[in-house]
file upload11.txt (compact mmCIF, C-alpha atoms)
# COMPACT_ATOMS: atom_id res chain seq x y z
CA MET A 4 -138.81 -182.78 -126.03
CA ILE A 5 -138.29 -181.05 -122.68
CA ALA A 6 -135.00 -179.55 -121.45
CA GLU A 7 -135.27 -178.27 -117.88
CA ASP A 8 -132.80 -178.72 -115.00
CA SER A 9 -135.48 -178.42 -112.29
CA VAL A 10 -136.76 -181.96 -111.78
CA LEU A 11 -140.06 -180.80 -110.31
CA LEU A 12 -140.82 -178.40 -113.17
CA ARG A 13 -139.73 -181.00 -115.72
CA ILE A 14 -142.12 -183.57 -114.25
CA GLY A 15 -144.88 -180.96 -114.24
CA LEU A 16 -144.26 -180.08 -117.88
CA VAL A 17 -144.38 -183.74 -118.88
CA LYS A 18 -147.74 -184.18 -117.15
CA VAL A 19 -149.19 -180.98 -118.65
CA LEU A 20 -148.08 -181.88 -122.18
CA GLU A 21 -149.27 -185.47 -121.98
CA MET A 22 -152.66 -184.34 -120.68
CA ALA A 23 -152.89 -182.00 -123.68
CA GLY A 24 -152.22 -184.85 -126.10
CA PHE A 25 -148.53 -184.31 -126.77
CA GLU A 26 -146.09 -187.22 -126.82
CA VAL A 27 -142.92 -186.43 -124.86
CA ALA A 28 -140.06 -188.13 -126.72
CA ALA A 29 -137.44 -187.33 -124.07
CA GLU A 30 -136.75 -185.14 -121.05
CA VAL A 31 -133.26 -183.88 -120.22
CA GLY A 32 -131.56 -181.58 -117.71
CA ASP A 33 -128.80 -179.83 -119.67
CA ALA A 34 -128.07 -178.35 -123.08
CA GLN A 35 -125.63 -181.05 -124.22
CA ALA A 36 -128.15 -183.79 -123.52
CA LEU A 37 -130.80 -181.72 -125.32
CA LEU A 38 -128.81 -181.54 -128.55
CA ALA A 39 -128.11 -185.28 -128.43
CA ALA A 40 -131.78 -186.05 -127.82
CA VAL A 41 -132.98 -183.78 -130.64
CA GLU A 42 -130.55 -185.44 -133.03
CA GLU A 43 -131.87 -188.85 -131.99
CA HIS A 44 -135.61 -188.18 -131.84
CA ARG A 45 -136.10 -185.18 -134.21
CA PRO A 46 -139.12 -183.90 -132.22
CA GLY A 47 -141.72 -181.51 -133.58
CA ILE A 48 -140.99 -179.03 -130.79
CA ALA A 49 -138.48 -178.62 -127.98
CA VAL A 50 -139.40 -176.80 -124.75
CA VAL A 51 -136.12 -175.37 -123.47
CA ASP A 52 -135.09 -173.62 -120.26
CA VAL A 53 -132.98 -170.50 -120.99
CA ARG A 54 -130.49 -171.12 -118.16
CA MET A 55 -129.16 -174.65 -117.69
CA PRO A 56 -126.04 -176.43 -116.39
CA PRO A 57 -123.15 -176.04 -116.25
CA GLY A 58 -123.04 -172.22 -116.25
CA PHE A 59 -126.73 -171.32 -115.79
CA THR A 60 -126.38 -168.34 -118.16
CA ASP A 61 -127.57 -168.75 -121.76
CA GLU A 62 -126.93 -172.45 -122.43
CA GLY A 63 -130.54 -173.04 -123.42
CA VAL A 64 -130.57 -170.12 -125.85
CA ARG A 65 -127.38 -171.27 -127.56
CA ALA A 66 -128.76 -174.80 -127.80
CA ALA A 67 -132.01 -173.45 -129.26
CA LEU A 68 -130.13 -171.47 -131.90
CA SER A 69 -128.14 -174.60 -132.78
CA ILE A 70 -131.34 -176.65 -133.08
CA ARG A 71 -132.93 -174.10 -135.41
CA GLN A 72 -129.81 -174.15 -137.58
CA LYS A 73 -129.23 -177.92 -137.69
CA TRP A 74 -132.81 -179.20 -137.46
CA PRO A 75 -135.11 -176.41 -138.71
CA ALA A 76 -138.12 -178.74 -138.67
CA THR A 77 -137.96 -178.72 -134.85
CA ALA A 78 -139.75 -175.71 -133.36
CA VAL A 79 -138.35 -174.22 -130.13
CA LEU A 80 -140.16 -172.68 -127.16
CA LEU A 81 -137.87 -171.04 -124.62
CA LEU A 82 -138.90 -170.77 -120.98
CA SER A 83 -137.34 -168.16 -118.69
CA GLN A 84 -137.72 -167.16 -115.06
CA TYR A 85 -137.28 -163.47 -115.90
CA VAL A 86 -137.85 -161.18 -118.88
CA GLU A 87 -134.74 -161.12 -121.09
CA GLU A 88 -136.08 -159.85 -124.38
CA ARG A 89 -132.72 -160.00 -126.19
CA TYR A 90 -133.00 -163.79 -126.19
CA ALA A 91 -136.30 -163.60 -128.05
CA ALA A 92 -134.71 -161.17 -130.50
CA ASP A 93 -131.71 -163.50 -131.00
CA LEU A 94 -134.03 -166.39 -131.77
CA LEU A 95 -136.20 -164.38 -134.18
CA ALA A 96 -133.13 -163.05 -135.94
CA THR A 97 -132.28 -166.56 -137.13
CA ASN A 98 -135.74 -167.82 -137.99
CA THR A 99 -139.15 -166.20 -137.98
CA SER A 100 -141.31 -169.30 -137.64
CA GLY A 101 -141.66 -171.99 -135.03
CA VAL A 102 -140.16 -169.98 -132.17
CA GLY A 103 -141.45 -168.86 -128.80
CA TYR A 104 -140.32 -167.20 -125.58
CA LEU A 105 -142.51 -167.41 -122.49
CA LEU A 106 -142.03 -166.82 -118.79
CA LYS A 107 -142.21 -169.93 -116.61
CA GLN A 108 -145.13 -168.45 -114.73
CA ARG A 109 -147.21 -168.96 -117.91
CA VAL A 110 -147.05 -172.72 -117.33
CA ALA A 111 -149.40 -172.21 -114.37
CA ASP A 112 -152.06 -171.04 -116.84
CA VAL A 113 -152.24 -174.39 -118.60
CA GLU A 114 -154.69 -173.31 -121.30
CA GLU A 115 -152.63 -170.25 -122.26
CA PHE A 116 -149.38 -172.23 -122.19
CA ILE A 117 -150.75 -175.01 -124.40
CA GLU A 118 -152.20 -172.44 -126.82
CA GLY A 119 -148.77 -170.84 -127.21
CA LEU A 120 -147.08 -174.23 -127.52
CA ARG A 121 -149.44 -175.35 -130.27
CA ARG A 122 -148.96 -172.05 -132.10
CA VAL A 123 -145.18 -172.51 -132.09
CA ALA A 124 -145.45 -176.18 -133.05
CA ASP A 125 -147.61 -175.14 -136.03
CA GLY A 126 -144.91 -172.77 -137.26
CA GLY A 127 -146.05 -169.57 -135.56
CA THR A 128 -144.57 -167.49 -132.76
CA ALA A 129 -145.42 -166.98 -129.11
CA LEU A 130 -143.82 -164.11 -127.19
CA ASP A 131 -144.61 -163.43 -123.57
CA PRO A 132 -146.74 -160.29 -123.09
CA GLN A 133 -144.22 -159.02 -120.50
CA VAL A 134 -141.42 -159.23 -123.08
CA VAL A 135 -143.56 -157.31 -125.56
CA ALA A 136 -144.41 -154.71 -122.91
CA GLN A 137 -140.73 -154.09 -122.16
CA LEU A 138 -140.00 -153.69 -125.85
CA LEU A 139 -142.75 -151.10 -126.11
CA VAL A 140 -141.03 -149.05 -123.41
CA ARG A 141 -137.54 -149.51 -124.80
CA ARG A 142 -138.31 -148.71 -128.43
CA SER A 143 -139.81 -145.25 -128.13
CA SER A 144 -137.87 -143.15 -130.68
CA ASP A 145 -138.15 -144.77 -134.10
CA PRO A 146 -140.71 -145.26 -136.90
CA LEU A 147 -143.01 -146.95 -134.37
CA GLU A 148 -143.83 -143.43 -133.15
CA ARG A 149 -145.89 -142.97 -136.30
CA LEU A 150 -148.37 -145.54 -135.05
CA THR A 151 -151.53 -144.65 -133.15
CA GLY A 152 -152.14 -146.11 -129.72
CA ARG A 153 -154.51 -148.72 -131.15
CA GLU A 154 -152.03 -149.66 -133.88
CA ARG A 155 -149.32 -150.17 -131.26
CA GLU A 156 -151.70 -152.45 -129.35
CA VAL A 157 -152.32 -154.45 -132.52
CA LEU A 158 -148.60 -154.68 -133.29
CA ALA A 159 -147.85 -155.80 -129.73
CA LEU A 160 -150.39 -158.61 -130.07
CA MET A 161 -148.92 -159.50 -133.47
CA ALA A 162 -145.53 -159.75 -131.76
CA GLU A 163 -147.00 -162.19 -129.24
CA GLY A 164 -147.90 -164.36 -132.21
CA ARG A 165 -151.66 -163.89 -132.21
CA SER A 166 -153.74 -164.32 -135.36
CA ASN A 167 -156.13 -161.66 -136.66
CA ALA A 168 -158.97 -163.53 -134.98
CA GLY A 169 -157.03 -163.68 -131.72
CA ILE A 170 -156.27 -159.95 -131.85
CA ALA A 171 -159.92 -159.16 -132.59
CA ALA A 172 -161.04 -161.23 -129.60
CA GLN A 173 -158.49 -159.60 -127.30
CA LEU A 174 -159.41 -156.04 -128.33
CA VAL A 175 -163.12 -156.78 -128.77
CA VAL A 176 -163.23 -155.47 -132.34
CA SER A 177 -164.04 -157.04 -135.69
CA GLU A 178 -161.49 -158.95 -137.76
CA SER A 179 -161.98 -156.45 -140.57
CA ALA A 180 -161.00 -153.63 -138.18
CA VAL A 181 -157.88 -155.58 -137.23
CA ALA A 182 -157.01 -156.08 -140.90
CA LYS A 183 -157.31 -152.32 -141.51
CA HIS A 184 -155.04 -151.57 -138.55
CA ILE A 185 -152.45 -154.05 -139.82
CA ASN A 186 -152.50 -152.56 -143.31
CA SER A 187 -151.95 -149.13 -141.78
CA ILE A 188 -149.08 -150.44 -139.63
CA LEU A 189 -147.33 -152.01 -142.63
CA ALA A 190 -147.67 -148.76 -144.59
CA LYS A 191 -146.41 -146.53 -141.77
CA LEU A 192 -143.35 -148.74 -141.14
CA ASP A 193 -142.32 -148.37 -144.81
CA LEU A 194 -141.91 -152.10 -145.23
CA PRO A 195 -140.88 -153.38 -148.68
CA LYS A 196 -143.50 -154.86 -150.95
CA ALA A 197 -143.90 -158.59 -150.29
CA ASP A 198 -146.59 -161.13 -149.55
CA ALA A 199 -148.80 -160.31 -146.58
CA ASP A 200 -147.39 -162.98 -144.26
CA HIS A 201 -143.79 -161.92 -144.91
CA ARG A 202 -144.56 -158.23 -144.33
CA ARG A 203 -146.31 -159.17 -141.11
CA VAL A 204 -143.14 -160.93 -139.93
CA LEU A 205 -141.05 -157.93 -140.94
CA ALA A 206 -143.30 -155.68 -138.88
CA VAL A 207 -142.76 -157.85 -135.81
CA LEU A 208 -139.01 -157.91 -136.41
CA ARG A 209 -139.00 -154.12 -136.68
CA PHE A 210 -140.88 -154.01 -133.40
CA MET A 211 -138.36 -156.41 -131.80
CA GLY A 212 -135.47 -154.29 -133.00
CA VAL A 213 -134.10 -157.13 -135.14
CA ALA A 214 -134.74 -155.42 -138.48
CA GLY A 215 -133.62 -151.89 -139.22

call {"tool": "encode", "arguments": {"input": "upload11.txt", "output": "structure tokens"}}
result
Amino acid sequence: MIAEDSVLLRIGLVKVLEMAGFEVAAEVGDAQALLAAVEEHRPGIAVVDVRMPPGFTDEGVRAALSIRQKWPATAVLLLSQYVEERYAADLLATNTSGVGYLLKQRVADVEEFIEGLRRVADGGTALDPQVVAQLLVRRSSDPLERLTGREREVLALMAEGRSNAGIAAQLVVSESAVAKHINSILAKLDLPKADADHRRVLAVLRFMGVAG
């Protein structure tokens, strides 16, 4: 499912997704049509523009939040022209799986875009590195200060939605080293005892400023 008011970008997205093996159930140009189409087709994932008619403000975000509430089986990947990290935080605050927020420029890197799309469709997260970078600057006086520089790099990559293997490849270290860094991060953030996956999500939410 694609919701994008720019006809040219919408056509481009359809072509990119079909070439990658996705079936596009519908393509729409506004939030109201998106909600109707999701109700009809119940897609595995919806790719949604943040700003759509009629107001071109946050129509896509509000539609995405509604989709996650009404049809939680449908993952949502938001696309934005600019970095507006609060939208990613709003989306994560309602559900910690099957959500993503990427800048439209990422579509140009087809391989990276499809990787993020598949991650979201599989129940993971995909946050744009520029969003994560802005959050690193903004959140400078909290428990995150306990982390070392390397641990902050690992947490930032966790926030993007990368797996341990993906983090290891990005930082050129072993997966066991990544696991040790993550264990240290969880301990330093004083997260409550829970299963590893849940604590990992809590760490990302703390980073996003969604969890206190």

call {"tool": "closest_residue", "arguments": {"input": "upload11.txt", "among": "A:Arg65, A:Arg89, A:Lys191, A:Arg122", "to": "A:Leu37", "atoms": "all atoms listed in the file"}}
result
A:Arg65

call {"tool": "atom_distance", "arguments": {"input": "upload11.txt", "atom1": "atom CA of A:Leu106", "atom2": "atom CA of A:Glu178"}}
result
28.3 Å

call {"tool": "atom_distance", "arguments": {"input": "upload11.txt", "atom1": "atom CA of A:Gly126", "atom2": "atom CA of A:Ala78"}}
result
7.1 Å

call {"tool": "residues_around", "arguments": {"input": "upload11.txt", "residues": "A:Gln84", "least_positions_apart": "3", "cutoff": "10 Å", "atoms": "only C-alpha atoms", "output": "JSON list (two decimals) with C-alpha atoms, keeping the file's coordinate frame"}}
result
[["chain", "number", "residue", "atom", "x", "y", "z"],
["A", 52, "ASP", "CA", -135.09, -173.62, -120.26],
["A", 53, "VAL", "CA", -132.98, -170.50, -120.99],
["A", 54, "ARG", "CA", -130.49, -171.12, -118.16],
["A", 87, "GLU", "CA", -134.74, -161.12, -121.09],
["A", 105, "LEU", "CA", -142.51, -167.41, -122.49],
["A", 106, "LEU", "CA", -142.03, -166.82, -118.79],
["A", 107, "LYS", "CA", -142.21, -169.93, -116.61],
["A", 108, "GLN", "CA", -145.13, -168.45, -114.73]]

call {"tool": "residues_near_point", "arguments": {"input": "upload11.txt", "point": "(-146.5, -150.0, -139.3)", "cutoff": "9 Å", "atoms": "only C-alpha atoms", "output": "list in words"}}
result
Pro146, Leu147, Arg149, Leu150, Glu154, Arg155, Leu158, His184, Ile185, Asn186, Ser187, Ile188, Leu189, Ala190, Lys191, Leu192, Asp193, Leu194, Ala206 and Arg209 of chain A

call {"tool": "write_last_selection", "arguments": {"input": "upload11.txt", "atoms": "C-alpha atoms", "output": "compact mmCIF listing (two decimals), in the coordinates of the input"}}
result
# COMPACT_ATOMS: atom_id res chain seq x y z
CA PRO A 146 -140.71 -145.26 -136.90
CA LEU A 147 -143.01 -146.95 -134.37
CA ARG A 149 -145.89 -142.97 -136.30
CA LEU A 150 -148.37 -145.54 -135.05
CA GLU A 154 -152.03 -149.66 -133.88
CA ARG A 155 -149.32 -150.17 -131.26
CA LEU A 158 -148.60 -154.68 -133.29
CA HIS A 184 -155.04 -151.57 -138.55
CA ILE A 185 -152.45 -154.05 -139.82
CA ASN A 186 -152.50 -152.56 -143.31
CA SER A 187 -151.95 -149.13 -141.78
CA ILE A 188 -149.08 -150.44 -139.63
CA LEU A 189 -147.33 -152.01 -142.63
CA ALA A 190 -147.67 -148.76 -144.59
CA LYS A 191 -146.41 -146.53 -141.77
CA LEU A 192 -143.35 -148.74 -141.14
CA ASP A 193 -142.32 -148.37 -144.81
CA LEU A 194 -141.91 -152.10 -145.23
CA ALA A 206 -143.30 -155.68 -138.88
CA ARG A 209 -139.00 -154.12 -136.68

call {"tool": "closest_residue", "arguments": {"input": "upload11.txt", "among": "A:Glu42, A:Glu118, A:Glu7, A:Glu21", "to": "A:Ser69", "atoms": "all atoms listed in the file"}}
result
A:Glu42

call {"tool": "atom_distance", "arguments": {"input": "upload11.txt", "atom1": "atom CA of A:Ala91", "atom2": "atom CA of A:Glu148"}}
result
22.1 Å

call {"tool": "closest_residue", "arguments": {"input": "upload11.txt", "among": "A:Val86, A:Val64, A:Leu81, A:Met4", "to": "A:Leu20", "atoms": "all atoms listed in the file"}}
result
A:Met4

call {"tool": "closest_residue", "arguments": {"input": "upload11.txt", "among": "A:Leu16, A:Leu130, A:Ala28, A:Val123", "to": "A:Arg45", "atoms": "all atoms listed in the file"}}
result
A:Ala28

call {"tool": "closest_residue", "arguments": {"input": "upload11.txt", "among": "A:Ile170, A:Leu38, A:Leu68, A:Ala129", "to": "A:Ile117", "atoms": "all atoms listed in the file"}}
result
A:Ala129

call {"tool": "closest_residue", "arguments": {"input": "upload11.txt", "among": "A:Leu80, A:Ile70, A:Ala180, A:Leu95", "to": "A:Ala39", "atoms": "only C-alpha atoms"}}
result
A:Ile70

call {"tool": "residues_around", "arguments": {"input": "upload11.txt", "residues": "A:Val31", "least_positions_apart": "2", "cutoff": "9 Å", "atoms": "all atoms listed in the file", "output": "compact mmCIF listing (two decimals) with C-alpha atoms, in the coordinates of the input"}}
result
# COMPACT_ATOMS: atom_id res chain seq x y z
CA MET A 4 -138.81 -182.78 -126.03
CA ILE A 5 -138.29 -181.05 -122.68
CA ALA A 6 -135.00 -179.55 -121.45
CA GLU A 7 -135.27 -178.27 -117.88
CA ASP A 8 -132.80 -178.72 -115.00
CA ARG A 13 -139.73 -181.00 -115.72
CA ALA A 29 -137.44 -187.33 -124.07
CA ASP A 33 -128.80 -179.83 -119.67
CA ALA A 34 -128.07 -178.35 -123.08
CA ALA A 36 -128.15 -183.79 -123.52
CA LEU A 37 -130.80 -181.72 -125.32
CA ALA A 40 -131.78 -186.05 -127.82
